[in-house]
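Trainee: Got a structure for you, questions after.
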Amino acid sequence: MKVTEDEVPDSQETLGGVNIETILVCEVGQFGPYQKRVFAVAVVACMTAAISTAEMVGPKFRVVTSATSTSMFATGQVILGAVAWSIPNWRYMIIALHIPCFLIVSYYWILSESVRWLLSKHKYDEAQKVLEKVARINKKQISEKSMRALLTPPSQPENVEDANKPGLIKTIIKSPVLLQRVCTTPIWWITTTFVYYGLSINSTGLSGNMYLNYILTCAVEIPGFYTSLLFLDSIGRKPTLTCGFFLSAACNIGFIFIPEELNILATVIFLLGKFGISMVFTSLYLFTSELYPTEYRHTLLAFSSMVGRIGSVTAPLTPALMMYWEGIPSAMFGVMGILSGLLVLTQPETLGTKMPDTLAEAEVLGRSTQ
């Protein structure tokens, strides 16, 4: 349904004249064909950026790169809140937000293709050009021996041919390890998006200025991202994710029982809940990428994220449940967090391991780290 400018209320229930829930979460079901295509492109770009940043660096810098990349998402949300606060008219606000996006087109000429992806597709000449460019920019030299080792195709059994290679679905079914991960990682993503966007939406119900509450709820993600950075390389991926899920769950459940007159305490606990799920968000991209082999990494990470959008689609419905009991949204966030925290414990630790390039390497992750 098309809404005219006169029909949009200009009140504290809106950000820049547009309903806050429309801005905070892209609910695909309310979009037209054009908006759905834009949303799909944005999701693909997000997944590609996450994978590229993980594949372009070594294990030493993978966590820092992942956290920095994810923190840009929170920075964008803070800018959204500030722009909406500064520009009341929603049409001008959208123009101000989207015109800078045209600069992203230049990335086509600036960014190089992932070397890992090129090697997995046997495009060794292109991979060599990228490596030489990286070495030149960093004023380093790659020895001929190292280059030859990187670009030498792994030996394959003579009776194995790419033409006879099973498809992705058959590969998943035949591999119990991969099947378990494919069934587990989407649940993490559903929980993360559900709690993450649900808390953003419900932040407008906190006492005080709506714009400021939204900005604070988004800004608290940034320290959450970098806190996970400290823990991911010290205690590991599994403990970081589990603690993030459990912290968010505990804060959401505790939020239910805080009296209304304790506004400051309620806001602090609410922000701690967002802090916890933010730790999960940046860790989830990295951990999911490390569990899957290069050949299927992009597809399976995109699949996990796609299924995870169930959480972002249902999150806008949570405020409506408060008419039955105000604690229902927080209780749902808490239960989902506990469930996903327990499921994280079923997967292997990937701290200090080489990112798997083949299915065989991905299957032995658990055995190689235990």
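As shown in the structure tokens, the chain order sets the letters A, B, ...; within each chain, residues go from 1, and ligands are also counted from 1 in the order they appear.
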Skipping near chain neighbours, those fewer than 4 positions away, what residues fall within 9 Å of Leu97 in chain A using only C-alpha atoms, listed as a CSV table (one decimal) with N, CA, C and O atoms, in the first residue's frame?

Mentor:
```csv
chain,number,residue,atom,x,y,z
A,79,ILE,N,24.4,6.8,12.4
A,79,ILE,CA,24.3,7.9,11.4
A,79,ILE,C,22.8,8.0,11.0
A,79,ILE,O,22.3,9.1,10.9
A,80,LEU,N,22.1,6.9,10.8
A,80,LEU,CA,20.7,6.9,10.5
A,80,LEU,C,19.9,7.6,11.5
A,80,LEU,O,19.1,8.5,11.2
A,83,VAL,N,20.8,11.4,11.4
A,83,VAL,CA,20.2,12.1,10.2
A,83,VAL,C,18.7,12.2,10.4
A,83,VAL,O,18.1,13.3,10.1
A,92,TYR,N,13.6,14.0,2.3
A,92,TYR,CA,14.9,14.5,2.3
A,92,TYR,C,15.9,13.6,3.1
A,92,TYR,O,17.1,13.5,2.8
A,93,MET,N,15.4,13.0,4.1
A,93,MET,CA,16.2,12.1,4.9
A,93,MET,C,16.7,10.9,4.1
A,93,MET,O,17.9,10.6,4.1
A,101,CYS,N,25.7,6.4,-1.4
A,101,CYS,CA,25.9,5.0,-1.7
A,101,CYS,C,26.4,4.8,-3.1
A,101,CYS,O,27.0,3.7,-3.5
```

Trainee: Go through A:Val177, A:Ala49, A:Ile222, A:Ala135 and flag the residue nearest Met72 in chain A, using only C-alpha atoms for the distances.

Mentor: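 Between A:Val177, A:Ala49, A:Ile222, A:Ala135, the residue approaching Met72 in chain A most closely is A:Ile222.
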
Trainee: Choose the residue, out of A:Ile173, A:Ile277, A:Met147, A:Met355, that has the smallest atom-to-atom separation from Gly224 in chain A; count only C-alpha atoms.

Mentor: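 Answer, going by the shortest atom-to-atom distance: A:Ile277.
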
Trainee: Per residue of range 104-209 of chain A within 6 Å of range 307-319 of chain A, which atom pair is closest and at what distance in Å (one decimal), using only C-alpha atoms, listed by chain and increasing number, as a tab-separated table?

Mentor:
```
residue	atom	partner	partner_atom	distance
A:Pro186	CA	A:Gly308	CA	5.7
A:Trp189	CA	A:Gly308	CA	4.4
A:Ile190	CA	A:Gly308	CA	3.8
A:Thr193	CA	A:Gly311	CA	5.1
A:Phe194	CA	A:Gly311	CA	3.8
A:Gly198	CA	A:Ala315	CA	4.8
```

Trainee: Write out the residues from the selection above, keeping N, CA, C and O atoms, as a compact mmCIF listing (two decimals), in the first residue's frame.

Mentor:
```txt
# COMPACT_ATOMS: atom_id res chain seq x y z
N PRO A 186 21.90 -22.05 10.83
CA PRO A 186 20.75 -21.16 10.59
C PRO A 186 19.99 -20.80 11.85
O PRO A 186 19.42 -19.70 11.95
N TRP A 189 21.60 -17.90 13.39
CA TRP A 189 21.30 -16.67 12.65
C TRP A 189 19.88 -16.19 12.91
O TRP A 189 19.64 -14.99 13.01
N ILE A 190 18.93 -17.11 13.01
CA ILE A 190 17.55 -16.72 13.32
C ILE A 190 17.50 -16.02 14.67
O ILE A 190 16.89 -14.96 14.83
N THR A 193 19.41 -12.43 14.53
CA THR A 193 18.66 -11.37 13.87
C THR A 193 17.37 -11.05 14.62
O THR A 193 16.97 -9.88 14.71
N PHE A 194 16.73 -12.07 15.18
CA PHE A 194 15.49 -11.87 15.92
C PHE A 194 15.73 -11.00 17.15
O PHE A 194 15.01 -10.01 17.40
N GLY A 198 14.94 -7.12 17.16
CA GLY A 198 13.86 -6.98 18.13
C GLY A 198 14.20 -5.96 19.21
O GLY A 198 13.35 -5.15 19.59
```

Trainee: Return the single residue from A:Phe303, A:Trp90, A:Tyr324, A:Tyr292 that is closest to Val364 in chain A, with distances computed using only C-alpha atoms.

Mentor: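 Of A:Phe303, A:Trp90, A:Tyr324, A:Tyr292, the one nearest Val364 in chain A is A:Tyr292, counting only C-alpha atoms.
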
Trainee: Which residues, written as a list in words, have at least one atom at most 12 Å from range 258-261 of chain A, with only C-alpha atoms counted and residues fewer than 5 positions away on the same chain left out?

Mentor: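 Using only C-alpha atoms, the neighbours found are Gly205, Leu206, Ser207, Cys251, Asn252, Ile253, Ala266, Thr267, Val268, Ile269, Phe270, Glu326, Gly327 and Ser330 of chain A.
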
Trainee: Between A:Glu126, A:Glu113, A:Asp357, A:Glu349, which has the minimum distance to Leu241 in chain A (counting only C-alpha atoms)?

Mentor: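 Of A:Glu126, A:Glu113, A:Asp357, A:Glu349, the one nearest Leu241 in chain A is A:Glu349, counting only C-alpha atoms.
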
Trainee: As number ranges by chain, please: the residues near Phe231 in chain A (cut-off 10 Å, only C-alpha atoms, same-chain neighbours under 4 positions excluded).

Mentor: A: 63, 226-227, 235-237, 239-241, 279, 283

Trainee: Have a look at CA of Ile338 in chain A and CA of Met306 in chain A and let me know their distance in Å, one decimal.

Mentor: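 These atoms are spaced 21.7 Å apart.
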
Trainee: Counting only C-alpha atoms, which of A:Ser248, A:Ser120, A:Asn213, A:Ser52 gets nearest to Gly337 in chain A?

Mentor: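 Of A:Ser248, A:Ser120, A:Asn213, A:Ser52, the one nearest Gly337 in chain A is A:Ser248, counting only C-alpha atoms.
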
Trainee: With only C-alpha atoms as the counted atoms, please give the residues lying no more than 9 Å from Gly276 in chain A, apart from itself and same-chain residues fewer than 5 positions off, as a list in words.

Mentor: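 Answer for this query is Glu221, Gly224, Cys243, Gly244, Phe245, Phe246, Leu247, Ser248, Ala249, Cys251, Leu271 and Phe281 of chain A.
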
Trainee: Write the residues you've just listed into a file as an mmCIF file, in the first residue's frame, and include N, CA, C and O atoms for each of them.

Mentor:
```cif
data_model
loop_
_atom_site.group_PDB
_atom_site.id
_atom_site.type_symbol
_atom_site.label_atom_id
_atom_site.label_comp_id
_atom_site.auth_asym_id
_atom_site.auth_seq_id
_atom_site.Cartn_x
_atom_site.Cartn_y
_atom_site.Cartn_z
ATOM 1 N N GLU A 221 26.579 -1.331 20.281
ATOM 2 C CA GLU A 221 27.047 -2.475 19.503
ATOM 3 C C GLU A 221 28.546 -2.395 19.242
ATOM 4 O O GLU A 221 29.220 -3.427 19.196
ATOM 5 N N GLY A 224 30.591 -3.754 21.838
ATOM 6 C CA GLY A 224 30.305 -5.189 21.831
ATOM 7 C C GLY A 224 31.110 -5.913 20.778
ATOM 8 O O GLY A 224 31.646 -7.004 21.021
ATOM 9 N N CYS A 243 28.873 -17.146 25.586
ATOM 10 C CA CYS A 243 28.734 -16.092 26.601
ATOM 11 C C CYS A 243 27.874 -14.939 26.083
ATOM 12 O O CYS A 243 27.082 -14.363 26.831
ATOM 13 N N GLY A 244 28.046 -14.598 24.796
ATOM 14 C CA GLY A 244 27.236 -13.528 24.220
ATOM 15 C C GLY A 244 25.760 -13.872 24.211
ATOM 16 O O GLY A 244 24.915 -13.048 24.591
ATOM 17 N N PHE A 245 25.431 -15.094 23.791
ATOM 18 C CA PHE A 245 24.036 -15.535 23.791
ATOM 19 C C PHE A 245 23.473 -15.556 25.210
ATOM 20 O O PHE A 245 22.350 -15.080 25.458
ATOM 21 N N PHE A 246 24.220 -16.116 26.143
ATOM 22 C CA PHE A 246 23.741 -16.244 27.525
ATOM 23 C C PHE A 246 23.623 -14.880 28.210
ATOM 24 O O PHE A 246 22.685 -14.653 28.981
ATOM 25 N N LEU A 247 24.578 -13.955 27.947
ATOM 26 C CA LEU A 247 24.499 -12.617 28.539
ATOM 27 C C LEU A 247 23.255 -11.895 28.047
ATOM 28 O O LEU A 247 22.513 -11.300 28.840
ATOM 29 N N SER A 248 23.017 -11.954 26.749
ATOM 30 C CA SER A 248 21.832 -11.305 26.185
ATOM 31 C C SER A 248 20.555 -11.929 26.740
ATOM 32 O O SER A 248 19.608 -11.224 27.090
ATOM 33 N N ALA A 249 20.546 -13.264 26.850
ATOM 34 C CA ALA A 249 19.367 -13.958 27.372
ATOM 35 C C ALA A 249 19.094 -13.566 28.822
ATOM 36 O O ALA A 249 17.948 -13.301 29.209
ATOM 37 N N CYS A 251 19.997 -10.810 30.400
ATOM 38 C CA CYS A 251 19.553 -9.416 30.490
ATOM 39 C C CYS A 251 18.101 -9.263 30.038
ATOM 40 O O CYS A 251 17.331 -8.506 30.649
ATOM 41 N N LEU A 271 20.459 -2.179 27.373
ATOM 42 C CA LEU A 271 21.653 -1.955 26.559
ATOM 43 C C LEU A 271 22.660 -3.090 26.719
ATOM 44 O O LEU A 271 23.356 -3.447 25.758
ATOM 45 N N PHE A 281 26.943 -11.139 17.023
ATOM 46 C CA PHE A 281 26.801 -10.792 15.611
ATOM 47 C C PHE A 281 28.145 -10.801 14.892
ATOM 48 O O PHE A 281 28.298 -11.404 13.826
#
```
